[in-house]
Amino acid sequence: MATKFADAREEKIAAIEALDTRLRWLSSWTVHNANHIRKKRDGLKVGGHQASCASMTAIMAALYFHALRPNDKVSVKPHAGPVLQAIHYMLGNQTLEQLQQFRALGGAQSYPSRTKDKIPVDFSTGSVGLGVAITAFSSLVQDYLIARGAMAEADAGRMISLMGDAELDEGNIYECLIEGYKHDIRNCWWVVDYNRQSLDSTTADRMFRRFDDIFETCGWRVVTLKHGKLQHAAFARPGGKSLEDWIENCPNADFAVLTYQGGAAWRERLLSDIGGKPHVRKLIESFDDDGLAALMTNLGGHCIASLMEAFDSADDDRPTLFIAYTVKGYGLPLAGHKDNHSGMMNPAQIEQLRATMGIEAGQEWEPFAGLGGNMAARLKSFMSESALAKKPMEADPAAVLVPAHFAVPSGDTQSTQAAFGHVLLDLAKSSEELADRIVTTAPDVTQTTNLGGFVNQRGLFRRSQVADIFREAKIPSAQKWAAHAAGQHIELGIAENNFFLLLTSLGLAAPHFGTRLIPVGTVYDPFISRGLDALNYGCYSDARFLLVGTPSGLTLGPEGGAHQSINTPLIGMGQPGLAYFEPAYADEVALFMRWAFEHLQRPDGSSVYLRLSTRQIPQVTRESSAWQDDALKGAYWLRPPAAGAEAAIAFTGAIAPEILDAWEELLDDIPGLGVLNVTSPDLLHRDWSARKAARWTGGQAAPCHADMLLSALSPNASLVTVIDGSPAALSWLGGVRAMRVSPLGTDRFGQTGDLPDLYRSYRLDKHAIIDAMAELFLRP
């Protein structure tokens with residue numbers, strides 16, 4: 001029985017080694033084709049990362065065709081994207097045309113993408129480090145679903161990241177590591193391609209031994225694969241201990257140079273450094289130059305047998321860091337060269353590689369070229385039985401029912417932030433399915449962003465129950481936050497990257513785990529910028545969530561400059577995959593929240609961003625609900641203009657009282673003056689842009705919503721636009737019907753102060769609006 005097992009193991013190793021070779025070739029050829037064969041019309045380098053792919057092929061072959069389980073999910077390092085494409089090409093999931101169009105319009109993407117690639121991609125990667133950290137938060141989401149009974153413990157998959165060692169320089173990885181430790185994450189593997197070369201240099205030697213300490217302190221198992229089986233066999237021979245010690249102490253830069261120079265250089269250096277030690281010369285001379293080069297580069301990350309053993313050793317749910325020593329450009333003519341990160345093989349070098357691999361000219365794209373018919377048939381059969389080949393399709397669960405109406409919070413004077421909290425609290429108290437699917441989170445601002453009521457009602461999520469010591473001691477507190485497995489709020493520390501990555505993971509729960517969650521995250525509006533890269537990553541991945549930025553603008557007066565947001569309206573308008581609203585009144589909050597919960601579940605939907613305020617303002621009396629349809633399109637007339645009116649004030653958000661005060665004073669001088677409440681500069685502008693684009697996209701150039709609203713004014717009418725944010729968010733409205741515009745807003749870091757002082761200083765008060773209108777009418 002043991003002999004049969006050993007034989008089967010050896011056959012599997014041989015099969016995966018053959019796959020490793022094929023992946024190295026196909027990834028290299030894909031990049032070469034894009035840069036040297038496919039016609040270039042602009043003369044620019046297409047790019048690609050042949051060396052970064054070559055250092056990963058053995059790791060990916062061993063992972064995908066040995067260690068991977070059907071429910072595991074993998075985030076592939078960005079520069080190894082062509083290897084992932086090659087894997088799916090060999091499985092039949094990718095077309096030749098897509099590979100031939102690598103980095104061309106409509107072809108395989110530069111970096112793995114959930115939204116752009118045709119092959120299955122678990123996690124988008126590209127922005128360095130984010131594809132690593134996302135796996136930890138997906139592990140947390142999986143634990144959340146298991147704790148709530150939405151999936152079985154036995155169905156838990158490992159969330160795996162394949163990362164370059166230079167990514168360990170990224171701060172968001174360590175922010176994530178700390179958060180993962182706090183939440184005791186499980187089933188997470190990070191595999192480091194430790195090739196010790198980045199774009200500009202080789203990795204500092206003194207840093208490596210720190211990684212073990214950092215990860216082990218955070219509860220991770222660390223498995224280091226420095227040597228392959230050939231090296232271990234050599235170490236066991238006479239003189240081998242001296243060779244092992246030399247390798248252990250060889251500087252990274254020296255190792256790279258010798259790798260590039262080859263066997264003769266290795267021989268000269270080893271004999272010079274340790275040739276006088278007992279048995280070393282005989283050991284070294286037992287290898288020819290090619291054999292010596294192969295021995296010295298037989299690192300753990302290129303040895304299939306060593307990789308398989310390492311992956312097999314982590315057969316539990318403890319998070320594990322695998323540090324796999326590799327050679328950048330392994331098996332390629334540019335292996336070890338310090339310029340190989342963005343360097344590529346020239347035609348002569350790729351021809352040399354083709355000949356070495358036994359691939360006939362004209363057979364470069366054949367999936368199993370150079371292997372022989374028998375081996376090709378065996379590999380096809382082997383791959384078809386892999387967990388990757390049998391991996392289930394991503395789920396598309398039914399949408400969660402959203403109630404037909406949300407009750408409007410009562411009160412003559414309210415802030416939009418408080419209204420948001422009341423709507424959530426009402427949901428939390430209800431028996432609606434929607435309420436059970438909501439998961440809230442915040443980067444240590446739960447109380448101050450009005451999530452407290454929801455958390456009081458629904459609890460904090462912890463896999464193990466945590467006692468509320470203050471409550472047990474009968475100390476009064478507004479926070480009655482029980483922590484248990486059924487809790488629906490995931491608490492985070494002050495790290496906005498973590499916040500957006502968790503929202504992304506929660507927003508991908510439907511395709512990843514088959515259960516649709518409705519993530520709601522709150523953050524101080526100015527600090528959206530701190531996590532902007534991760535927000536962009538989540539939207540690019542098509543994750544769906546409701547983002548609430550509050551408080552916003554310089555309306556948060558006493559806090560001063562760094563806590564006052566200026567450009568977040570432009571972020572809301574410019575970020576793809578995100579619909580931005582900025583309500584002024586409580587009934588608008590209820591309307592937009594309901595719309596958001598439906599919109600983020602639609603196939604053609606997106607995430608939604610609400611920009612809210614702590615400022616309490618008088619609410620308006622509505623005669624009907626007719627305003628709602630227009631508000632959901634981006635704007636409605638709060639004070640309808642008279643037909644042919646000469647002017648209007650367009651505004652957004654919490655400055656509504658100043659707008660209405662100015663309107664009342666201006667009415668005598670400008671009869672029929674209108675007030676346009678722009679509830680979504682984003683949707684309004686997008687609609688206008690689509691109408692303009694219809695000319696060259698073949699669509700119907702129907703009037704856009706902004707045009708229809710502004711058509712109520714005179715053709716020569718003027719606009720004053722006002723927003724507590726960048727004035728550019730609304731000033732474009734003048735271009736819709738060629739109107740003169742006087743834009744008001746904030747374009748400087750604000751001072752501390754009360755609102756009358758700040759609005760006066762930054763020209764948001766009633767007098768500024770009146771002056772701006774006068775300027776329009778006085779201008780010749």
# chains A, B, ... in the order shown; residues from 1 in each chain; ligands from 1

call {"tool": "residues_around", "arguments": {"residues": "region 374-388 of chain A", "least_positions_apart": "4", "cutoff": "9 Å", "atoms": "only C-alpha atoms", "output": "list in words"}}
result
Lys12, Ala15, Ile16, Ala18, Leu19, Tyr64, Phe65, His66, Ala67, Leu68, Arg69, Pro70, Asn71, Met90, Leu91, Pro367, Phe368, Ala369, Gly370 and Pro392 of chain A

call {"tool": "write_last_selection", "arguments": {"atoms": "C-alpha atoms", "output": "mmCIF file, in the first residue's frame"}}
result
data_model
loop_
_atom_site.group_PDB
_atom_site.id
_atom_site.type_symbol
_atom_site.label_atom_id
_atom_site.label_comp_id
_atom_site.auth_asym_id
_atom_site.auth_seq_id
_atom_site.Cartn_x
_atom_site.Cartn_y
_atom_site.Cartn_z
ATOM 1 C CA LYS A 12 1.450 13.548 -9.329
ATOM 2 C CA ALA A 15 2.445 15.861 -13.710
ATOM 3 C CA ILE A 16 2.595 19.117 -11.768
ATOM 4 C CA ALA A 18 5.133 19.319 -16.421
ATOM 5 C CA LEU A 19 2.370 21.849 -15.788
ATOM 6 C CA TYR A 64 -4.183 24.824 -8.107
ATOM 7 C CA PHE A 65 -3.579 21.180 -8.962
ATOM 8 C CA HIS A 66 -2.759 19.718 -5.563
ATOM 9 C CA ALA A 67 -3.739 21.842 -2.574
ATOM 10 C CA LEU A 68 -6.825 23.664 -3.804
ATOM 11 C CA ARG A 69 -10.242 22.562 -2.590
ATOM 12 C CA PRO A 70 -13.491 23.330 -4.430
ATOM 13 C CA ASN A 71 -14.550 26.142 -2.052
ATOM 14 C CA MET A 90 -5.088 24.727 -20.493
ATOM 15 C CA LEU A 91 -8.363 23.884 -18.758
ATOM 16 C CA PRO A 367 -1.616 24.010 -24.676
ATOM 17 C CA PHE A 368 0.445 20.822 -24.387
ATOM 18 C CA ALA A 369 3.174 21.437 -26.967
ATOM 19 C CA GLY A 370 6.558 19.826 -26.312
ATOM 20 C CA PRO A 392 -18.715 25.438 -8.689
#

call {"tool": "residues_around", "arguments": {"residues": "region 721-735 of chain A", "least_positions_apart": "2", "cutoff": "7 Å", "atoms": "only C-alpha atoms", "output": "mmCIF file with C-alpha atoms, in the first residue's frame"}}
result
data_model
loop_
_atom_site.group_PDB
_atom_site.id
_atom_site.type_symbol
_atom_site.label_atom_id
_atom_site.label_comp_id
_atom_site.auth_asym_id
_atom_site.auth_seq_id
_atom_site.Cartn_x
_atom_site.Cartn_y
_atom_site.Cartn_z
ATOM 1 C CA GLY A 553 -18.108 69.704 4.565
ATOM 2 C CA LEU A 554 -17.075 72.613 6.742
ATOM 3 C CA SER A 565 -14.357 67.494 3.497
ATOM 4 C CA ILE A 566 -13.981 69.490 0.310
ATOM 5 C CA ASN A 567 -13.596 67.114 -2.618
ATOM 6 C CA PRO A 569 -18.642 65.299 -3.910
ATOM 7 C CA LEU A 570 -16.165 65.020 -6.783
ATOM 8 C CA ILE A 649 -30.516 78.850 -7.243
ATOM 9 C CA ALA A 650 -29.245 75.259 -7.445
ATOM 10 C CA PHE A 651 -27.969 73.766 -4.202
ATOM 11 C CA THR A 652 -27.033 70.494 -2.544
ATOM 12 C CA GLY A 653 -27.332 69.332 1.057
ATOM 13 C CA PRO A 681 -24.809 65.794 -8.701
ATOM 14 C CA LEU A 719 -27.745 80.185 -12.094
ATOM 15 C CA ARG A 737 -28.384 75.112 -21.508
ATOM 16 C CA ALA A 738 -25.525 77.610 -21.909
ATOM 17 C CA MET A 739 -26.434 79.617 -18.821
ATOM 18 C CA ARG A 740 -24.253 82.028 -16.909
ATOM 19 C CA VAL A 741 -23.226 80.579 -13.555
ATOM 20 C CA SER A 742 -21.886 81.974 -10.312
ATOM 21 C CA PRO A 743 -20.631 78.933 -8.334
ATOM 22 C CA LEU A 744 -20.279 78.982 -4.559
ATOM 23 C CA GLY A 745 -18.574 76.283 -2.527
ATOM 24 C CA THR A 746 -15.438 75.480 -0.573
ATOM 25 C CA ASP A 747 -12.044 75.175 -2.188
#

call {"tool": "residues_around", "arguments": {"residues": "Gly493 (chain A)", "least_positions_apart": "3", "cutoff": "12 Å", "atoms": "only C-alpha atoms", "output": "number ranges by chain"}}
result
A: 175-183, 441-446, 490, 496-499, 502, 523

call {"tool": "atom_distance", "arguments": {"atom1": "CA of Asn187 (chain A)", "atom2": "CA of Glu309 (chain A)"}}
result
17.9 Å

call {"tool": "atom_distance", "arguments": {"atom1": "CA of Asp542 (chain A)", "atom2": "CA of Lys116 (chain A)"}}
result
10.4 Å

call {"tool": "select_by_dssp", "arguments": {"residues": "region 188-304 of chain A", "states": "strand (DSSP E)", "output": "list in words"}}
result
Cys188, Trp189, Trp190, Val191, Val192, Asp193, Tyr194, Arg221, Val222, Val223, Thr224 and Leu225 of chain A

call {"tool": "residues_around", "arguments": {"residues": "region 22-29 of chain A", "least_positions_apart": "6", "cutoff": "9 Å", "atoms": "only C-alpha atoms", "output": "ChimeraX atom specification"}}
result
/A:48-51,53-58,61,80-87,90,330-332,344-345,350,353-354,357,364-371

call {"tool": "atom_distance", "arguments": {"atom1": "CA of Asp771 (chain A)", "atom2": "CA of Glu665 (chain A)"}}
result
11.6 Å

call {"tool": "closest_residue", "arguments": {"among": "A:Thr30, A:Ser161, A:Ser680, A:Ser477", "to": "Ala631 (chain A)", "atoms": "only C-alpha atoms"}}
result
A:Ser680

call {"tool": "residues_around", "arguments": {"residues": "Tyr585 (chain A)", "least_positions_apart": "6", "cutoff": "8 Å", "atoms": "only C-alpha atoms", "output": "VMD selection string"}}
result
chain A and resid 414 to 416 617 619 to 620 654

call {"tool": "closest_residue", "arguments": {"among": "A:Gly329, A:Gly239, A:Ser306, A:Pro251", "to": "His279 (chain A)", "atoms": "only C-alpha atoms"}}
result
A:Gly239

call {"tool": "residues_around", "arguments": {"residues": "Thr297 (chain A)", "least_positions_apart": "5", "cutoff": "12 Å", "atoms": "only C-alpha atoms", "output": "PyMOL selection string"}}
result
chain A and resi 55+195+226-231+247+255-256+258-260+262-263+266+290-292+302-303+325-331+335-336

call {"tool": "write_last_selection", "arguments": {"atoms": "N, CA and C atoms", "output": "tab-separated table (two decimals), in the first residue's frame"}}
result
chain	number	residue	atom	x	y	z
A	55	SER	N	8.64	33.21	-11.60
A	55	SER	CA	8.93	32.90	-10.19
A	55	SER	C	7.73	32.28	-9.49
A	195	ASN	N	11.14	36.26	-4.04
A	195	ASN	CA	12.21	36.27	-5.04
A	195	ASN	C	13.26	37.34	-4.77
A	226	LYS	N	12.75	27.31	2.00
A	226	LYS	CA	13.96	27.92	1.43
A	226	LYS	C	14.67	26.99	0.47
A	227	HIS	N	14.66	25.70	0.75
A	227	HIS	CA	15.45	24.76	-0.04
A	227	HIS	C	14.56	23.69	-0.65
A	228	GLY	N	14.92	23.31	-1.90
A	228	GLY	CA	14.24	22.22	-2.57
A	228	GLY	C	14.89	20.89	-2.25
A	229	LYS	N	14.35	19.83	-2.82
A	229	LYS	CA	14.83	18.48	-2.53
A	229	LYS	C	16.27	18.27	-2.99
A	230	LEU	N	16.66	18.84	-4.13
A	230	LEU	CA	18.05	18.71	-4.60
A	230	LEU	C	19.02	19.30	-3.60
A	231	GLN	N	18.69	20.48	-3.08
A	231	GLN	CA	19.58	21.11	-2.11
A	231	GLN	C	19.64	20.28	-0.83
A	247	ILE	N	24.83	29.26	1.73
A	247	ILE	CA	23.56	29.72	1.14
A	247	ILE	C	22.77	30.55	2.14
A	255	PHE	N	23.25	36.68	-4.54
A	255	PHE	CA	22.56	35.50	-5.05
A	255	PHE	C	21.96	35.80	-6.43
A	256	ALA	N	21.38	36.98	-6.60
A	256	ALA	CA	20.79	37.36	-7.87
A	256	ALA	C	21.85	37.46	-8.97
A	258	LEU	N	24.84	35.98	-9.15
A	258	LEU	CA	25.37	34.67	-9.48
A	258	LEU	C	24.36	33.84	-10.26
A	259	THR	N	23.08	33.99	-9.93
A	259	THR	CA	22.04	33.28	-10.68
A	259	THR	C	22.06	33.70	-12.14
A	260	TYR	N	22.18	34.99	-12.39
A	260	TYR	CA	22.20	35.48	-13.75
A	260	TYR	C	23.47	35.03	-14.49
A	262	GLY	N	25.35	32.31	-13.93
A	262	GLY	CA	25.30	30.89	-14.26
A	262	GLY	C	26.30	30.01	-13.53
A	263	GLY	N	26.38	28.76	-13.99
A	263	GLY	CA	27.13	27.72	-13.28
A	263	GLY	C	28.59	28.02	-13.07
A	266	TRP	N	28.93	30.48	-10.27
A	266	TRP	CA	28.66	29.82	-8.99
A	266	TRP	C	29.89	29.02	-8.54
A	290	ASP	N	25.90	23.29	-15.61
A	290	ASP	CA	24.43	23.34	-15.65
A	290	ASP	C	23.84	22.71	-14.39
A	291	GLY	N	24.44	21.61	-13.96
A	291	GLY	CA	23.94	20.93	-12.76
A	291	GLY	C	24.14	21.76	-11.52
A	292	LEU	N	25.26	22.48	-11.46
A	292	LEU	CA	25.52	23.33	-10.29
A	292	LEU	C	24.54	24.51	-10.25
A	302	HIS	N	10.38	26.58	-6.01
A	302	HIS	CA	10.40	25.97	-7.34
A	302	HIS	C	10.36	24.45	-7.29
A	303	CYS	N	10.31	23.91	-6.10
A	303	CYS	CA	10.34	22.45	-5.92
A	303	CYS	C	8.92	21.97	-5.64
A	325	TYR	N	10.92	30.72	-1.04
A	325	TYR	CA	12.08	31.31	-1.73
A	325	TYR	C	12.02	30.95	-3.20
A	326	THR	N	12.23	31.95	-4.04
A	326	THR	CA	12.20	31.75	-5.48
A	326	THR	C	13.29	32.58	-6.15
A	327	VAL	N	13.42	32.36	-7.44
A	327	VAL	CA	14.31	33.16	-8.29
A	327	VAL	C	13.44	33.93	-9.27
A	328	LYS	N	13.59	35.22	-9.30
A	328	LYS	CA	12.81	36.01	-10.25
A	328	LYS	C	13.30	35.71	-11.67
A	329	GLY	N	12.37	35.27	-12.51
A	329	GLY	CA	12.75	34.88	-13.86
A	329	GLY	C	13.26	33.46	-13.95
A	330	TYR	N	12.90	32.63	-12.97
A	330	TYR	CA	13.39	31.26	-12.92
A	330	TYR	C	13.14	30.53	-14.25
A	331	GLY	N	14.21	29.88	-14.76
A	331	GLY	CA	14.09	29.12	-16.00
A	331	GLY	C	14.15	29.95	-17.25
A	335	ALA	N	16.91	35.32	-15.72
A	335	ALA	CA	16.78	34.98	-14.31
A	335	ALA	C	17.84	35.69	-13.48
A	336	GLY	N	17.37	36.39	-12.42
A	336	GLY	CA	18.28	37.03	-11.49
A	336	GLY	C	18.72	38.42	-11.85

call {"tool": "residues_around", "arguments": {"residues": "Ala662 (chain A)", "least_positions_apart": "5", "cutoff": "12 Å", "atoms": "only C-alpha atoms", "output": "list in words"}}
result
Ala648, Ile649, Ala650, Phe651, Ile655, Ala656, Pro657, Leu667, Asp668, Asp669, Ile670, Leu673, Gly674, Val675, Val720, Val722, Leu764, Asp765, Lys766, His767, Ala768, Ile769, Ile770, Asp771, Ala772, Met773 and Ala774 of chain A

call {"tool": "write_last_selection", "arguments": {"atoms": "C-alpha atoms", "output": "PDB file, in the first residue's frame"}}
result
ATOM      1  CA  ALA A 648     -32.589  79.970 -10.196  1.00  0.00           C
ATOM      2  CA  ILE A 649     -30.516  78.850  -7.243  1.00  0.00           C
ATOM      3  CA  ALA A 650     -29.245  75.259  -7.445  1.00  0.00           C
ATOM      4  CA  PHE A 651     -27.969  73.766  -4.202  1.00  0.00           C
ATOM      5  CA  ILE A 655     -27.167  74.559   3.387  1.00  0.00           C
ATOM      6  CA  ALA A 656     -30.877  74.509   2.508  1.00  0.00           C
ATOM      7  CA  PRO A 657     -31.807  77.126   5.186  1.00  0.00           C
ATOM      8  CA  LEU A 667     -38.167  87.138  -4.812  1.00  0.00           C
ATOM      9  CA  ASP A 668     -39.172  90.789  -4.988  1.00  0.00           C
ATOM     10  CA  ASP A 669     -36.259  91.609  -7.305  1.00  0.00           C
ATOM     11  CA  ILE A 670     -36.404  88.398  -9.364  1.00  0.00           C
ATOM     12  CA  LEU A 673     -37.006  82.738  -8.937  1.00  0.00           C
ATOM     13  CA  GLY A 674     -36.663  78.952  -8.597  1.00  0.00           C
ATOM     14  CA  VAL A 675     -34.767  76.775  -6.145  1.00  0.00           C
ATOM     15  CA  VAL A 720     -26.168  80.485  -8.683  1.00  0.00           C
ATOM     16  CA  VAL A 722     -24.126  76.362  -3.880  1.00  0.00           C
ATOM     17  CA  LEU A 764     -22.014  80.009   1.855  1.00  0.00           C
ATOM     18  CA  ASP A 765     -24.357  82.311   3.742  1.00  0.00           C
ATOM     19  CA  LYS A 766     -27.437  84.176   2.590  1.00  0.00           C
ATOM     20  CA  HIS A 767     -25.502  87.361   1.809  1.00  0.00           C
ATOM     21  CA  ALA A 768     -23.020  85.503  -0.390  1.00  0.00           C
ATOM     22  CA  ILE A 769     -25.857  83.959  -2.377  1.00  0.00           C
ATOM     23  CA  ILE A 770     -27.532  87.348  -2.850  1.00  0.00           C
ATOM     24  CA  ASP A 771     -24.216  88.904  -3.908  1.00  0.00           C
ATOM     25  CA  ALA A 772     -23.592  86.078  -6.377  1.00  0.00           C
ATOM     26  CA  MET A 773     -27.025  86.602  -7.928  1.00  0.00           C
ATOM     27  CA  ALA A 774     -26.482  90.352  -8.125  1.00  0.00           C
TER      28      ALA A 774
END

call {"tool": "select_by_dssp", "arguments": {"residues": "region 3-217 of chain A", "states": "alpha helix (DSSP H)", "output": "ChimeraX atom specification"}}
result
/A:3-32,50-54,57-62,81-91,96-100,130-147,171-182,205-217

call {"tool": "closest_residue", "arguments": {"among": "A:Trp190, A:Tyr636, A:Trp688, A:Trp663", "to": "Ala314 (chain A)", "atoms": "only C-alpha atoms"}}
result
A:Trp190

call {"tool": "closest_residue", "arguments": {"among": "A:Ala150, A:Leu225, A:Leu578, A:Ala717", "to": "Pro641 (chain A)", "atoms": "only C-alpha atoms"}}
result
A:Ala717

call {"tool": "closest_residue", "arguments": {"among": "A:Arg516, A:Leu501, A:Ser242, A:Glu285", "to": "Ile173 (chain A)", "atoms": "only C-alpha atoms"}}
result
A:Leu501

call {"tool": "closest_residue", "arguments": {"among": "A:Ser761, A:Lys633, A:Asn716, A:Trp627", "to": "Asp687 (chain A)", "atoms": "only C-alpha atoms"}}
result
A:Lys633

call {"tool": "decode", "arguments": {"residues": "region 134-147 of chain A", "atoms": "N, CA and C atoms", "output": "CSV table (one decimal), in the first residue's frame"}}
result
chain,number,residue,atom,x,y,z
A,134,ILE,N,-7.7,41.6,1.1
A,134,ILE,CA,-9.1,41.2,0.9
A,134,ILE,C,-9.4,39.8,1.4
A,135,THR,N,-8.4,38.9,1.3
A,135,THR,CA,-8.6,37.5,1.6
A,135,THR,C,-8.9,37.4,3.1
A,136,ALA,N,-8.2,38.2,3.9
A,136,ALA,CA,-8.5,38.1,5.4
A,136,ALA,C,-9.9,38.5,5.7
A,137,PHE,N,-10.4,39.6,5.1
A,137,PHE,CA,-11.7,40.0,5.3
A,137,PHE,C,-12.8,39.1,4.7
A,138,SER,N,-12.4,38.4,3.6
A,138,SER,CA,-13.4,37.4,3.1
A,138,SER,C,-13.4,36.2,4.1
A,139,SER,N,-12.3,35.9,4.7
A,139,SER,CA,-12.3,34.9,5.7
A,139,SER,C,-13.3,35.3,6.9
A,140,LEU,N,-13.2,36.5,7.3
A,140,LEU,CA,-14.1,37.0,8.3
A,140,LEU,C,-15.5,37.0,7.9
A,141,VAL,N,-15.8,37.3,6.7
A,141,VAL,CA,-17.2,37.2,6.2
A,141,VAL,C,-17.7,35.8,6.2
A,142,GLN,N,-16.8,34.9,5.8
A,142,GLN,CA,-17.2,33.5,5.8
A,142,GLN,C,-17.5,33.0,7.2
A,143,ASP,N,-16.7,33.4,8.2
A,143,ASP,CA,-17.0,33.1,9.6
A,143,ASP,C,-18.3,33.7,10.0
A,144,TYR,N,-18.6,34.9,9.6
A,144,TYR,CA,-19.9,35.5,9.9
A,144,TYR,C,-21.1,34.7,9.4
A,145,LEU,N,-21.0,34.2,8.2
A,145,LEU,CA,-22.0,33.4,7.6
A,145,LEU,C,-22.2,32.0,8.3
A,146,ILE,N,-21.0,31.5,8.7
A,146,ILE,CA,-21.1,30.2,9.4
A,146,ILE,C,-21.7,30.4,10.7
A,147,ALA,N,-21.3,31.4,11.4
A,147,ALA,CA,-21.9,31.7,12.7
A,147,ALA,C,-23.4,31.9,12.7
